[in-house]
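Pasted below: my_file25.cif, mmCIF, C-alpha atoms; chains and numbers go by the auth columns.
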```cif
data_entry
#
loop_
_atom_site.group_PDB
_atom_site.id
_atom_site.type_symbol
_atom_site.label_atom_id
_atom_site.label_comp_id
_atom_site.label_asym_id
_atom_site.label_seq_id
_atom_site.Cartn_x
_atom_site.Cartn_y
_atom_site.Cartn_z
_atom_site.B_iso_or_equiv
_atom_site.auth_seq_id
_atom_site.auth_asym_id
ATOM 1 C CA MET A 1 206.843 213.273 168.662 0.00 9 O
ATOM 2 C CA ALA A 2 206.649 212.515 164.940 0.00 10 O
ATOM 3 C CA MET A 3 206.162 215.343 162.504 0.00 11 O
ATOM 4 C CA GLN A 4 203.692 214.929 159.735 0.00 12 O
ATOM 5 C CA SER A 5 204.808 216.180 156.382 0.00 13 O
ATOM 6 C CA LEU A 6 202.393 218.171 154.357 0.00 14 O
ATOM 7 C CA SER A 7 201.895 216.840 150.896 0.00 15 O
ATOM 8 C CA PHE A 8 200.996 219.146 148.097 0.00 16 O
ATOM 9 C CA PRO A 9 199.911 217.876 144.732 0.00 17 O
ATOM 10 C CA VAL A 10 202.757 218.441 142.325 0.00 18 O
ATOM 11 C CA PRO A 11 201.756 218.624 138.668 0.00 19 O
ATOM 12 C CA ASN A 12 203.915 216.627 136.332 0.00 20 O
ATOM 13 C CA ALA A 13 206.029 218.377 133.700 0.00 21 O
ATOM 14 C CA PHE A 14 203.714 217.328 130.858 0.00 22 O
ATOM 15 C CA GLU A 15 200.733 219.059 132.488 0.00 23 O
ATOM 16 C CA VAL A 16 202.744 222.199 133.168 0.00 24 O
ATOM 17 C CA LEU A 17 203.951 222.378 129.563 0.00 25 O
ATOM 18 C CA CYS A 18 200.450 221.780 128.216 0.00 26 O
ATOM 19 C CA ALA A 19 199.109 224.616 130.351 0.00 27 O
ATOM 20 C CA GLN A 20 201.861 226.962 129.132 0.00 28 O
ATOM 21 C CA TYR A 21 201.310 226.118 125.459 0.00 29 O
ATOM 22 C CA ALA A 22 197.517 226.350 125.821 0.00 30 O
ATOM 23 C CA GLN A 23 197.847 229.991 126.924 0.00 31 O
ATOM 24 C CA ARG A 24 199.666 230.828 123.674 0.00 32 O
ATOM 25 C CA VAL A 25 197.233 229.228 121.225 0.00 33 O
ATOM 26 C CA PRO A 26 195.235 231.716 119.128 0.00 34 O
ATOM 27 C CA ALA A 27 191.445 231.743 119.339 0.00 35 O
ATOM 28 C CA GLN A 28 191.058 230.229 115.863 0.00 36 O
ATOM 29 C CA LEU A 29 193.277 228.992 113.049 0.00 37 O
ATOM 30 C CA GLU A 30 192.036 231.829 110.841 0.00 38 O
ATOM 31 C CA ASP A 31 193.985 234.188 113.134 0.00 39 O
ATOM 32 C CA LEU A 32 197.240 232.738 111.743 0.00 40 O
ATOM 33 C CA THR A 33 197.885 235.357 109.095 0.00 41 O
ATOM 34 C CA GLY A 34 201.630 234.984 108.662 0.00 42 O
ATOM 35 C CA PRO A 35 203.294 235.047 105.258 0.00 43 O
ATOM 36 C CA ALA A 36 202.900 232.178 102.782 0.00 44 O
ATOM 37 C CA ARG A 37 205.889 233.163 100.604 0.00 45 O
ATOM 38 C CA GLY A 38 209.179 234.917 100.929 0.00 46 O
ATOM 39 C CA THR A 39 211.635 235.027 103.801 0.00 47 O
ATOM 40 C CA VAL A 40 210.807 235.338 107.485 0.00 48 O
ATOM 41 C CA ASP A 41 213.269 236.845 109.962 0.00 49 O
ATOM 42 C CA LEU A 42 212.396 235.879 113.530 0.00 50 O
ATOM 43 C CA PRO A 43 213.015 238.310 116.406 0.00 51 O
ATOM 44 C CA LEU A 44 215.543 237.535 119.112 0.00 52 O
ATOM 45 C CA HIS A 45 212.893 236.765 121.748 0.00 53 O
ATOM 46 C CA VAL A 46 211.758 233.792 119.607 0.00 54 O
ATOM 47 C CA VAL A 47 215.133 232.492 118.460 0.00 55 O
ATOM 48 C CA TRP A 48 218.023 233.792 120.531 0.00 56 O
ATOM 49 C CA SER A 49 220.850 231.802 118.963 0.00 57 O
ATOM 50 C CA GLY A 50 221.536 230.232 115.616 0.00 58 O
ATOM 51 C CA ARG A 51 219.459 230.651 112.513 0.00 59 O
ATOM 52 C CA ARG A 52 216.970 233.531 112.419 0.00 60 O
ATOM 53 C CA SER A 53 216.062 233.753 108.719 0.00 61 O
ATOM 54 C CA TYR A 54 213.845 231.166 106.996 0.00 62 O
ATOM 55 C CA GLY A 55 212.790 230.809 103.363 0.00 63 O
ATOM 56 C CA LEU A 56 209.189 229.666 103.012 0.00 64 O
ATOM 57 C CA GLU A 57 209.734 228.170 99.544 0.00 65 O
ATOM 58 C CA GLN A 58 212.082 225.502 100.926 0.00 66 O
ATOM 59 C CA PRO A 59 210.088 222.800 102.775 0.00 67 O
ATOM 60 C CA ARG A 60 212.837 222.053 105.332 0.00 68 O
ATOM 61 C CA SER A 61 213.348 225.710 106.105 0.00 69 O
ATOM 62 C CA ARG A 62 209.589 226.265 106.443 0.00 70 O
ATOM 63 C CA MET A 63 209.257 223.214 108.711 0.00 71 O
ATOM 64 C CA SER A 64 212.103 224.487 110.886 0.00 72 O
ATOM 65 C CA LEU A 65 210.466 227.916 111.152 0.00 73 O
ATOM 66 C CA TYR A 66 207.118 226.441 112.189 0.00 74 O
ATOM 67 C CA ARG A 67 208.757 224.142 114.693 0.00 75 O
ATOM 68 C CA THR A 68 210.643 227.029 116.285 0.00 76 O
ATOM 69 C CA VAL A 69 207.662 229.384 116.418 0.00 77 O
ATOM 70 C CA LEU A 70 205.351 226.702 117.868 0.00 78 O
ATOM 71 C CA ALA A 71 207.866 225.884 120.595 0.00 79 O
ATOM 72 C CA GLU A 72 209.211 229.335 121.448 0.00 80 O
ATOM 73 C CA GLY A 73 206.755 231.938 120.186 0.00 81 O
ATOM 74 C CA GLN A 74 204.167 233.797 122.194 0.00 82 O
ATOM 75 C CA ARG A 75 200.573 234.168 120.970 0.00 83 O
ATOM 76 C CA GLN A 76 201.305 237.241 118.835 0.00 84 O
ATOM 77 C CA ASP A 77 204.338 235.510 117.291 0.00 85 O
ATOM 78 C CA LEU A 78 202.144 232.568 116.297 0.00 86 O
ATOM 79 C CA ILE A 79 199.671 234.958 114.656 0.00 87 O
ATOM 80 C CA ASP A 80 202.375 236.994 112.910 0.00 88 O
ATOM 81 C CA PHE A 81 204.654 234.208 111.634 0.00 89 O
ATOM 82 C CA LEU A 82 202.403 231.175 111.022 0.00 90 O
ATOM 83 C CA ASN A 83 200.041 230.848 108.080 0.00 91 O
ATOM 84 C CA ARG A 84 196.861 228.804 108.499 0.00 92 O
ATOM 85 C CA ASP A 85 197.031 227.127 105.074 0.00 93 O
ATOM 86 C CA LEU A 86 200.708 226.229 105.401 0.00 94 O
ATOM 87 C CA LEU A 87 200.146 224.861 108.898 0.00 95 O
ATOM 88 C CA LEU A 88 197.304 222.627 107.709 0.00 96 O
ATOM 89 C CA ALA A 89 199.264 221.485 104.644 0.00 97 O
ATOM 90 C CA GLN A 90 202.322 220.394 106.601 0.00 98 O
ATOM 91 C CA TRP A 91 200.722 219.276 109.879 0.00 99 O
ATOM 92 C CA LEU A 92 201.106 215.536 109.198 0.00 100 O
ATOM 93 C CA VAL A 93 204.897 215.851 109.132 0.00 101 O
ATOM 94 C CA LEU A 94 205.189 218.803 111.488 0.00 102 O
ATOM 95 C CA ARG A 95 203.345 216.987 114.277 0.00 103 O
ATOM 96 C CA THR A 96 206.139 214.383 114.333 0.00 104 O
ATOM 97 C CA LEU A 97 208.792 217.084 114.795 0.00 105 O
ATOM 98 C CA ILE A 98 207.263 218.962 117.719 0.00 106 O
ATOM 99 C CA SER A 99 206.970 217.901 121.332 0.00 107 O
ATOM 100 C CA ARG A 100 203.968 215.942 122.528 0.00 108 O
ATOM 101 C CA PRO A 101 202.613 218.768 124.731 0.00 109 O
ATOM 102 C CA ILE A 102 202.572 221.159 121.754 0.00 110 O
ATOM 103 C CA ARG A 103 200.976 218.561 119.484 0.00 111 O
ATOM 104 C CA ASP A 104 198.315 217.587 122.026 0.00 112 O
ATOM 105 C CA VAL A 105 197.385 221.204 122.813 0.00 113 O
ATOM 106 C CA TRP A 106 197.091 222.229 119.160 0.00 114 O
ATOM 107 C CA GLU A 107 195.102 219.142 118.134 0.00 115 O
ATOM 108 C CA ALA A 108 192.761 219.584 121.105 0.00 116 O
ATOM 109 C CA ALA A 109 192.260 223.295 120.350 0.00 117 O
ATOM 110 C CA PHE A 110 191.806 222.790 116.604 0.00 118 O
ATOM 111 C CA PRO A 111 190.005 219.571 115.662 0.00 119 O
ATOM 112 C CA GLU A 112 190.662 220.319 111.979 0.00 120 O
ATOM 113 C CA LEU A 113 194.351 219.503 112.578 0.00 121 O
ATOM 114 C CA ALA A 114 193.448 216.060 113.917 0.00 122 O
ATOM 115 C CA THR A 115 190.910 215.646 111.105 0.00 123 O
ATOM 116 C CA ALA A 116 193.499 216.602 108.477 0.00 124 O
ATOM 117 C CA ARG A 117 195.893 214.120 110.056 0.00 125 O
ATOM 118 C CA ALA A 118 193.300 211.342 110.019 0.00 126 O
ATOM 119 C CA ALA A 119 192.328 212.068 106.401 0.00 127 O
ATOM 120 C CA GLN A 120 195.963 212.073 105.274 0.00 128 O
ATOM 121 C CA HIS A 121 196.645 208.893 107.236 0.00 129 O
ATOM 122 C CA ILE A 122 193.678 207.072 105.669 0.00 130 O
ATOM 123 C CA GLU A 123 194.675 208.221 102.185 0.00 131 O
ATOM 124 C CA SER A 124 198.305 207.188 102.647 0.00 132 O
ATOM 125 C CA SER A 125 197.412 203.764 104.075 0.00 133 O
ATOM 126 C CA ARG A 126 195.327 202.698 101.084 0.00 134 O
ATOM 127 C CA PRO A 127 197.133 200.064 99.045 0.00 135 O
ATOM 128 C CA THR A 128 197.689 200.973 95.437 0.00 136 O
ATOM 129 C CA ALA A 129 198.305 198.638 92.549 0.00 137 O
ATOM 130 C CA PRO A 130 201.841 198.850 91.159 0.00 138 O
ATOM 131 C CA VAL A 131 202.222 200.429 87.762 0.00 139 O
ATOM 132 C CA ALA A 132 203.622 198.060 85.118 0.00 140 O
ATOM 133 C CA GLY A 133 207.370 197.791 85.614 0.00 141 O
ATOM 134 C CA GLU A 134 207.302 199.608 88.969 0.00 142 O
ATOM 135 C CA ARG A 135 209.396 198.184 91.770 0.00 143 O
ATOM 136 C CA ARG A 136 207.877 198.476 95.223 0.00 144 O
ATOM 137 C CA GLY A 137 211.155 198.545 97.113 0.00 145 O
ATOM 138 C CA PRO A 138 213.010 195.881 99.030 0.00 146 O
ATOM 139 C CA VAL A 139 211.154 193.196 100.888 0.00 147 O
ATOM 140 C CA CYS A 140 214.141 192.906 103.178 0.00 148 O
ATOM 141 C CA GLY A 141 217.504 194.546 103.409 0.00 149 O
ATOM 142 C CA PRO A 142 219.492 197.094 105.366 0.00 150 O
ATOM 143 C CA GLY A 143 216.886 199.818 104.907 0.00 151 O
ATOM 144 C CA LEU A 144 214.368 197.764 106.886 0.00 152 O
ATOM 145 C CA LEU A 145 216.691 196.763 109.716 0.00 153 O
ATOM 146 C CA GLY A 146 216.607 198.505 113.054 0.00 154 O
ATOM 147 C CA ARG A 147 219.649 200.587 113.974 0.00 155 O
ATOM 148 C CA GLY A 148 220.885 197.986 116.467 0.00 156 O
ATOM 149 C CA GLU A 149 220.779 195.225 113.859 0.00 157 O
ATOM 150 C CA GLN A 150 222.654 197.390 111.354 0.00 158 O
ATOM 151 C CA VAL A 151 225.388 198.063 113.917 0.00 159 O
ATOM 152 C CA ARG A 152 225.668 194.363 114.812 0.00 160 O
ATOM 153 C CA ARG A 153 225.966 193.358 111.148 0.00 161 O
ATOM 154 C CA TRP A 154 228.508 196.107 110.488 0.00 162 O
ATOM 155 C CA GLY A 155 230.575 194.964 113.479 0.00 163 O
ATOM 156 C CA ALA A 156 230.424 191.312 112.386 0.00 164 O
ATOM 157 C CA ALA A 157 231.454 192.201 108.839 0.00 165 O
ATOM 158 C CA ARG A 158 234.322 194.335 110.103 0.00 166 O
ATOM 159 C CA ALA A 159 235.539 191.604 112.461 0.00 167 O
ATOM 160 C CA SER A 160 235.508 189.001 109.655 0.00 168 O
ATOM 161 C CA ARG A 161 237.821 191.219 107.572 0.00 169 O
ATOM 162 C CA ARG A 162 240.518 191.238 110.247 0.00 170 O
#
```
Take the structure from the file and write it as structure tokens.
Amino acid sequence: MAMQSLSFPVPNAFEVLCAQYAQRVPAQLEDLTGPARGTVDLPLHVVWSGRRSYGLEQPRSRMSLYRTVLAEGQRQDLIDFLNRDLLLAQWLVLRTLISRPIRDVWEAAFPELATARAAQHIESSRPTAPVAGERRGPVCGPGLLGRGEQVRRWGAARASRR
């Protein structure tokens, strides 16, 4: 007698993460009343090892703070440590540094983030005329090569020196 196995739908990890992050999102961006200047010291339940203090005047430090709070903070942490205006101002870069579930949940919950991204993208993709004497950068060269091509060229150059 053959036994039939019961099959239960198993949600994929992406869906589970999206559901977890969606529970943490504040009701509106205006709820994000965190500081815009100064230094922020995160509590241990948000960052349990490594750096805990972040200066908001330094862009890299601020980006690191926002990344950490978005990934690890609970709803009240988001409200206490994130600032609406700073979030909107740095979203174009920040969205590339956070995981896809976080990005998708926040852009779905707050269309103004996706709108800000689209507006910045359109503005940055407009061609501009070069100023007299301005160089536009290399047309080709190592800066435009993929990492694999750079490694192959480095290896070939090294081998030819032997």
Which residues are near segment 14-30 of chain O? Cut-off 9 Å, only C-alpha atoms, ignore same chain within fewer than 4 positions. Put them as a list in words. Pro34, Leu78, Ala79, Gln82, Arg108, Pro109, Ile110, Asp112, Val113, Trp114 and Ala117 of chain O
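Proximity ranking of O:Ala116, O:Ala97, O:Leu105, O:Ile87 relative to Gly42 of chain O places O:Ile87 first, based on all atoms listed in the file.
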Looking at O:Val54, O:Leu96, O:Ser107, O:Thr123, which one is nearest to Arg83 of chain O, with distances taken over all atoms listed in the file? O:Val54
Quick check, in Å to one decimal: how far apart do atom CA of Ala35 of chain O and atom CA of Val77 of chain O lie?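 Between atom CA of Ala35 of chain O and atom CA of Val77 of chain O the gap works out to 16.6 Å.
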Selected residue of minimal separation from Leu95 of chain O among O:Pro43, O:Gly81, O:Gly58, O:Pro51, counting all atoms listed in the file: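 Closest to Leu95 of chain O of all the choices is O:Pro43.
Nearest residue to Leu50 of chain O, choosing from O:Ile106, O:Asp85, O:Gln31, O:Glu115 and counting only C-alpha atoms: O:Asp85.
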Need to verify the contact set: Glu38 of chain O, 9 Å, only C-alpha atoms, exclusion of same-chain residues closer than 4 positions in sequence. Can you return it as a ChimeraX atom specification? /O:34,91-93
Neighbours of point (213.1, 238.9, 108.9) within 9 Å, using only C-alpha atoms, written as a PyMOL selection string: chain O and resi 47-51+60-62
So how far away is atom CA of Leu100 of chain O from atom CA of Gly46 of chain O, in Å? 22.6 Å
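Interatomic distance, atom CA of Arg70 of chain O to atom CA of Leu94 of chain O: 8.9 Å.
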Using the file's own x, y and z axes, so that the box edges lie along x, y and z, what centre and edge lengths in Å (one decimal) does a box around every listed atom of segment 65-74 of chain O get when 5 Å is added on each side? Give it as JSON.
```
{"center_x": 210.2, "center_y": 225.1, "center_z": 105.9, "size_x": 16.2, "size_y": 16.1, "size_z": 22.6}
```
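Among the candidates O:Phe89, O:Thr104, O:Arg111, O:Arg32, the one nearest to Leu64 of chain O when counting only C-alpha atoms is O:Phe89.
Candidate residues O:Leu40, O:Arg103, O:Gly63, O:Thr76 were compared for distance to Leu90 of chain O, and the nearest is O:Leu40, using all atoms listed in the file.
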